[in-house]
file run-v3.cif (mmCIF, C-alpha atoms)
data_target
#
loop_
_atom_site.label_atom_id
_atom_site.label_comp_id
_atom_site.auth_asym_id
_atom_site.auth_seq_id
_atom_site.Cartn_x
_atom_site.Cartn_y
_atom_site.Cartn_z
CA MET T 1 -7.32 17.16 2.22
CA ALA T 2 -4.88 14.57 0.90
CA THR T 3 -5.18 13.27 -2.63
CA LEU T 4 -3.69 10.25 -4.33
CA ARG T 5 -1.42 10.48 -7.31
CA GLU T 6 -0.27 7.41 -9.14
CA SER T 7 2.94 7.51 -11.14
CA VAL T 8 2.79 5.53 -14.37
CA PRO T 9 6.02 3.90 -15.57
CA THR T 10 7.52 4.89 -18.89
CA LYS T 11 7.86 2.33 -21.65
CA SER T 12 11.62 2.09 -21.07
CA ALA T 13 11.00 1.28 -17.40
CA LEU T 14 9.30 -1.96 -18.37
CA ASP T 15 12.66 -3.61 -19.00
CA LYS T 16 14.10 -2.52 -15.65
CA SER T 17 13.15 -3.15 -12.08
CA MET T 18 10.54 -0.48 -11.46
CA ASN T 19 8.01 0.60 -8.86
CA VAL T 20 4.65 2.28 -9.16
CA ASN T 21 4.29 4.67 -6.24
CA VAL T 22 1.23 6.17 -4.65
CA ARG T 23 1.86 9.16 -2.41
CA MET T 24 -0.37 11.32 -0.26
CA LEU T 25 0.08 14.93 -1.30
CA GLY T 26 -0.51 18.10 0.68
CA ALA T 27 0.36 16.53 4.02
CA LYS T 28 2.93 18.84 5.66
CA GLU T 29 1.06 18.63 8.96
CA ALA T 30 0.94 14.83 8.78
CA SER T 31 4.68 14.78 8.13
CA ALA T 32 5.36 16.88 11.22
CA ASN T 33 3.05 14.65 13.30
CA ILE T 34 4.78 11.48 12.13
CA ARG T 35 8.20 12.95 12.86
CA ALA T 36 7.04 13.70 16.43
CA LEU T 37 5.86 10.11 17.10
CA SER T 38 7.75 7.86 19.46
CA PRO T 39 9.63 4.87 18.00
CA ALA T 40 6.94 2.57 19.46
CA ALA T 41 4.19 4.55 17.72
CA ARG T 42 6.11 4.46 14.42
CA ARG T 43 6.45 0.66 14.79
CA ALA T 44 2.69 0.46 15.39
CA MET T 45 2.11 2.59 12.32
CA LEU T 46 4.36 0.36 10.21
CA LYS T 47 2.56 -2.74 11.48
CA ALA T 48 -0.83 -1.21 10.58
CA LEU T 49 0.37 -0.16 7.13
CA GLU T 50 1.80 -3.61 6.47
CA LYS T 51 -1.44 -5.28 7.56
CA GLU T 52 -3.49 -2.97 5.34
CA ALA T 53 -1.16 -3.51 2.38
CA TRP T 54 -1.70 -7.26 2.67
CA ARG T 55 -5.48 -6.69 2.85
CA ILE T 56 -5.28 -4.66 -0.37
CA ILE T 57 -3.16 -7.36 -2.05
CA LYS T 58 -5.68 -10.05 -0.99
CA THR T 59 -8.60 -7.94 -2.25
CA ALA T 60 -6.85 -7.46 -5.59
CA GLN T 61 -6.08 -11.19 -5.82
CA ASN T 62 -9.70 -12.11 -5.11
CA GLY T 63 -11.39 -10.35 -7.99
CA TYR T 64 -9.27 -7.72 -9.70
CA VAL T 65 -6.00 -9.31 -10.90
CA PRO T 66 -6.28 -10.86 -14.38
CA VAL T 67 -5.63 -14.60 -14.37
CA LEU T 68 -3.83 -16.46 -17.12
CA SER T 69 -1.22 -18.74 -15.56
CA GLY T 70 -1.52 -17.56 -11.95
CA ASP T 71 1.98 -16.02 -11.96
CA LEU T 72 0.59 -12.50 -11.61
CA VAL T 73 -1.93 -13.34 -8.88
CA PHE T 74 0.70 -15.08 -6.77
CA SER T 75 3.33 -12.36 -7.25
CA GLY T 76 1.72 -10.05 -4.67
CA HIS T 77 4.25 -8.73 -2.17
CA VAL T 78 4.60 -6.25 0.70
CA ILE T 79 7.93 -4.78 1.77
CA PRO T 80 7.95 -2.76 5.03
CA HIS T 81 10.35 0.20 5.35
CA PRO T 82 10.79 1.25 9.01
CA GLY T 83 12.39 4.50 10.03
CA ALA T 84 11.45 8.10 10.73
CA PHE T 85 8.69 7.87 8.11
CA PRO T 86 7.37 4.28 8.12
CA THR T 87 6.18 3.17 4.70
CA VAL T 88 5.31 -0.02 2.88
CA GLU T 89 5.95 -0.89 -0.73
CA PHE T 90 3.50 -3.32 -2.23
CA GLY T 91 2.31 -4.58 -5.56
CA PHE T 92 2.55 -7.37 -8.09
CA GLY T 93 5.36 -8.34 -10.40
CA GLY T 94 8.47 -10.37 -9.74
CA LYS T 95 9.01 -12.59 -12.74
CA ALA T 96 5.62 -11.39 -14.01
CA ARG T 97 6.77 -7.72 -13.92
CA ARG T 98 6.26 -6.89 -17.61
CA TYR T 99 2.94 -8.69 -17.71
CA ALA T 100 1.85 -6.92 -14.50
CA VAL T 101 2.40 -3.42 -15.90
CA ILE T 102 0.82 -4.16 -19.26
CA GLN T 103 -2.25 -5.76 -17.68
CA HIS T 104 -2.62 -2.93 -15.16
CA GLU T 105 -2.43 -0.14 -17.71
CA ASN T 106 -4.26 -1.50 -20.79
CA GLU T 107 -7.98 -0.94 -20.30
CA GLU T 108 -8.79 -2.44 -23.71
CA PHE T 109 -7.86 -6.02 -22.78
CA GLN T 110 -10.62 -8.58 -22.27
CA HIS T 111 -10.20 -10.92 -19.32
CA PRO T 112 -12.29 -14.05 -19.92
CA ALA T 113 -10.95 -15.78 -16.78
CA GLY T 114 -11.72 -12.71 -14.64
CA GLY T 115 -9.86 -9.62 -13.53
CA GLN T 116 -9.48 -6.13 -14.94
CA ALA T 117 -7.11 -3.28 -15.69
CA LYS T 118 -6.19 -1.04 -12.72
CA TYR T 119 -6.33 -4.20 -10.60
CA LEU T 120 -4.29 -2.56 -7.85
CA SER T 121 -5.36 1.08 -8.20
CA VAL T 122 -9.04 0.35 -7.59
CA PRO T 123 -8.52 -1.62 -4.33
CA VAL T 124 -6.03 1.02 -3.10
CA GLU T 125 -8.47 3.89 -3.67
CA ARG T 126 -11.29 2.02 -1.98
CA ALA T 127 -9.10 1.15 1.02
CA MET T 128 -7.69 4.61 1.77
CA PRO T 129 -10.32 5.70 4.33
CA ARG T 130 -9.94 2.37 6.15
CA VAL T 131 -6.13 2.62 6.04
CA VAL T 132 -6.13 6.06 7.66
CA ASN T 133 -8.51 4.91 10.40
CA SER T 134 -6.76 1.62 11.15
CA THR T 135 -3.33 3.24 11.26
CA GLY T 136 -4.61 5.78 13.79
CA GLU T 137 -6.18 2.98 15.85
CA GLU T 138 -2.91 1.00 15.93
CA ILE T 139 -1.05 4.07 17.20
CA ARG T 140 -3.75 4.68 19.85
CA LYS T 141 -3.43 1.03 20.97
CA GLU T 142 0.31 1.51 21.36
CA PHE T 143 -0.19 4.63 23.52
CA ARG T 144 -2.75 2.80 25.70
CA LYS T 145 0.02 0.44 26.77
CA PHE T 146 1.72 3.25 28.67
CA ASP T 147 0.74 4.06 32.23
CA THR T 148 0.18 7.78 31.94
CA ARG T 149 -0.39 8.20 35.70
CA ARG T 150 3.36 8.27 36.26
CA PHE T 151 3.51 11.53 34.26
CA GLU T 152 0.86 13.31 36.33
#
call {"tool": "encode", "arguments": {"input": "run-v3.cif", "output": "structure tokens"}}
result
Amino acid sequence: MATLRESVPTKSALDKSMNVNVRMLGAKEASANIRALSPAARRAMLKALEKEAWRIIKTAQNGYVPVLSGDLVFSGHVIPHPGAFPTVEFGFGGKARRYAVIQHENEEFQHPAGGQAKYLSVPVERAMPRVVNSTGEEIRKEFRKFDTRRFE
């Protein structure tokens, strides 16, 4: 069974360009399966991951992200990384990077205009079962495009 682990940035990382990563652990079999996928299936996987990342960003924007000026809410981004192991990088930050990390990590803050700490972690955790299912469905759709009769 895969579990999520979130890496928390150090204080010194706040002044640099930094990423908060979530990885699935204990997935040697999944890694081998991904490596064996065709390029078309990996593209389908990347497309599904990108779509799900945007869904998570939208969910976070619509009820989780603290609002002061709107800079943080509108800083949501998704960056696809194609290749042998398709991944997407997503989150909030940009010019609101320092504010994003502080707001995400400090559970003592009050948010009178709405939002909360862990504004990205909560939507990510809730979305994981859906992400796994939708990614698998996108890959299955890609395989359905092939006429398998020619291989019989």
call {"tool": "resolve_selection", "arguments": {"input": "run-v3.cif", "expression": "the PyMOL selection byres ((chain T and resi 45) around 12)", "output": "JSON, numbers by chain"}}
result
{"T": [34, 37, 38, 39, 40, 41, 42, 43, 44, 46, 47, 48, 49, 50, 51, 52, 80, 81, 82, 83, 84, 85, 86, 87, 88, 131, 132, 133, 134, 135, 136, 137, 138, 139, 140, 141, 142, 143]}
call {"tool": "write_last_selection", "arguments": {"input": "run-v3.cif", "atoms": "C-alpha atoms", "output": "mmCIF file, in the coordinates of the input"}}
result
data_model
loop_
_atom_site.group_PDB
_atom_site.id
_atom_site.type_symbol
_atom_site.label_atom_id
_atom_site.label_comp_id
_atom_site.auth_asym_id
_atom_site.auth_seq_id
_atom_site.Cartn_x
_atom_site.Cartn_y
_atom_site.Cartn_z
ATOM 1 C CA ILE T 34 4.780 11.480 12.130
ATOM 2 C CA LEU T 37 5.860 10.110 17.100
ATOM 3 C CA SER T 38 7.750 7.860 19.460
ATOM 4 C CA PRO T 39 9.630 4.870 18.000
ATOM 5 C CA ALA T 40 6.940 2.570 19.460
ATOM 6 C CA ALA T 41 4.190 4.550 17.720
ATOM 7 C CA ARG T 42 6.110 4.460 14.420
ATOM 8 C CA ARG T 43 6.450 0.660 14.790
ATOM 9 C CA ALA T 44 2.690 0.460 15.390
ATOM 10 C CA LEU T 46 4.360 0.360 10.210
ATOM 11 C CA LYS T 47 2.560 -2.740 11.480
ATOM 12 C CA ALA T 48 -0.830 -1.210 10.580
ATOM 13 C CA LEU T 49 0.370 -0.160 7.130
ATOM 14 C CA GLU T 50 1.800 -3.610 6.470
ATOM 15 C CA LYS T 51 -1.440 -5.280 7.560
ATOM 16 C CA GLU T 52 -3.490 -2.970 5.340
ATOM 17 C CA PRO T 80 7.950 -2.760 5.030
ATOM 18 C CA HIS T 81 10.350 0.200 5.350
ATOM 19 C CA PRO T 82 10.790 1.250 9.010
ATOM 20 C CA GLY T 83 12.390 4.500 10.030
ATOM 21 C CA ALA T 84 11.450 8.100 10.730
ATOM 22 C CA PHE T 85 8.690 7.870 8.110
ATOM 23 C CA PRO T 86 7.370 4.280 8.120
ATOM 24 C CA THR T 87 6.180 3.170 4.700
ATOM 25 C CA VAL T 88 5.310 -0.020 2.880
ATOM 26 C CA VAL T 131 -6.130 2.620 6.040
ATOM 27 C CA VAL T 132 -6.130 6.060 7.660
ATOM 28 C CA ASN T 133 -8.510 4.910 10.400
ATOM 29 C CA SER T 134 -6.760 1.620 11.150
ATOM 30 C CA THR T 135 -3.330 3.240 11.260
ATOM 31 C CA GLY T 136 -4.610 5.780 13.790
ATOM 32 C CA GLU T 137 -6.180 2.980 15.850
ATOM 33 C CA GLU T 138 -2.910 1.000 15.930
ATOM 34 C CA ILE T 139 -1.050 4.070 17.200
ATOM 35 C CA ARG T 140 -3.750 4.680 19.850
ATOM 36 C CA LYS T 141 -3.430 1.030 20.970
ATOM 37 C CA GLU T 142 0.310 1.510 21.360
ATOM 38 C CA PHE T 143 -0.190 4.630 23.520
#
call {"tool": "atom_distance", "arguments": {"input": "run-v3.cif", "atom1": "atom CA of Gly91 of chain T", "atom2": "atom CA of Ser75 of chain T"}}
result
8.0 Å
call {"tool": "atom_distance", "arguments": {"input": "run-v3.cif", "atom1": "atom CA of Ala113 of chain T", "atom2": "atom CA of Ile79 of chain T"}}
result
28.7 Å
call {"tool": "closest_residue", "arguments": {"input": "run-v3.cif", "among": "T:Thr59, T:Asn33, T:Gln103, T:Ser121", "to": "Leu72 of chain T", "atoms": "all atoms listed in the file"}}
result
T:Gln103
call {"tool": "resolve_selection", "arguments": {"input": "run-v3.cif", "expression": "the PyMOL selection byres ((chain T and resi 95) around 12)", "output": "list in words"}}
result
Asp15, Lys16, Ser17, Gly70, Asp71, Leu72, Val73, Phe74, Ser75, Gly76, Phe92, Gly93, Gly94, Ala96, Arg97, Arg98, Tyr99, Ala100 and Val101 of chain T
call {"tool": "closest_residue", "arguments": {"input": "run-v3.cif", "among": "T:Ala36, T:Ile102, T:Val65, T:Ala30", "to": "Val122 of chain T", "atoms": "only C-alpha atoms"}}
result
T:Val65
call {"tool": "residues_near_point", "arguments": {"input": "run-v3.cif", "point": "(-6.0, -3.4, -5.8)", "cutoff": "7 Å", "atoms": "all atoms listed in the file", "output": "ChimeraX atom specification"}}
result
/T:56-57,59-60,64,119-124
call {"tool": "write_last_selection", "arguments": {"input": "run-v3.cif", "atoms": "C-alpha atoms", "output": "PDB file, keeping the file's coordinate frame"}}
result
ATOM      1  CA  ILE T  56      -5.280  -4.660  -0.370  1.00  0.00           C
ATOM      2  CA  ILE T  57      -3.160  -7.360  -2.050  1.00  0.00           C
ATOM      3  CA  THR T  59      -8.600  -7.940  -2.250  1.00  0.00           C
ATOM      4  CA  ALA T  60      -6.850  -7.460  -5.590  1.00  0.00           C
ATOM      5  CA  TYR T  64      -9.270  -7.720  -9.700  1.00  0.00           C
ATOM      6  CA  TYR T 119      -6.330  -4.200 -10.600  1.00  0.00           C
ATOM      7  CA  LEU T 120      -4.290  -2.560  -7.850  1.00  0.00           C
ATOM      8  CA  SER T 121      -5.360   1.080  -8.200  1.00  0.00           C
ATOM      9  CA  VAL T 122      -9.040   0.350  -7.590  1.00  0.00           C
ATOM     10  CA  PRO T 123      -8.520  -1.620  -4.330  1.00  0.00           C
ATOM     11  CA  VAL T 124      -6.030   1.020  -3.100  1.00  0.00           C
TER      12      VAL T 124
END
call {"tool": "atom_distance", "arguments": {"input": "run-v3.cif", "atom1": "atom CA of His104 of chain T", "atom2": "atom CA of Pro129 of chain T"}}
result
22.7 Å
call {"tool": "closest_residue", "arguments": {"input": "run-v3.cif", "among": "T:Lys28, T:His77, T:Pro66, T:Met128", "to": "Phe109 of chain T", "atoms": "all atoms listed in the file"}}
result
T:Pro66
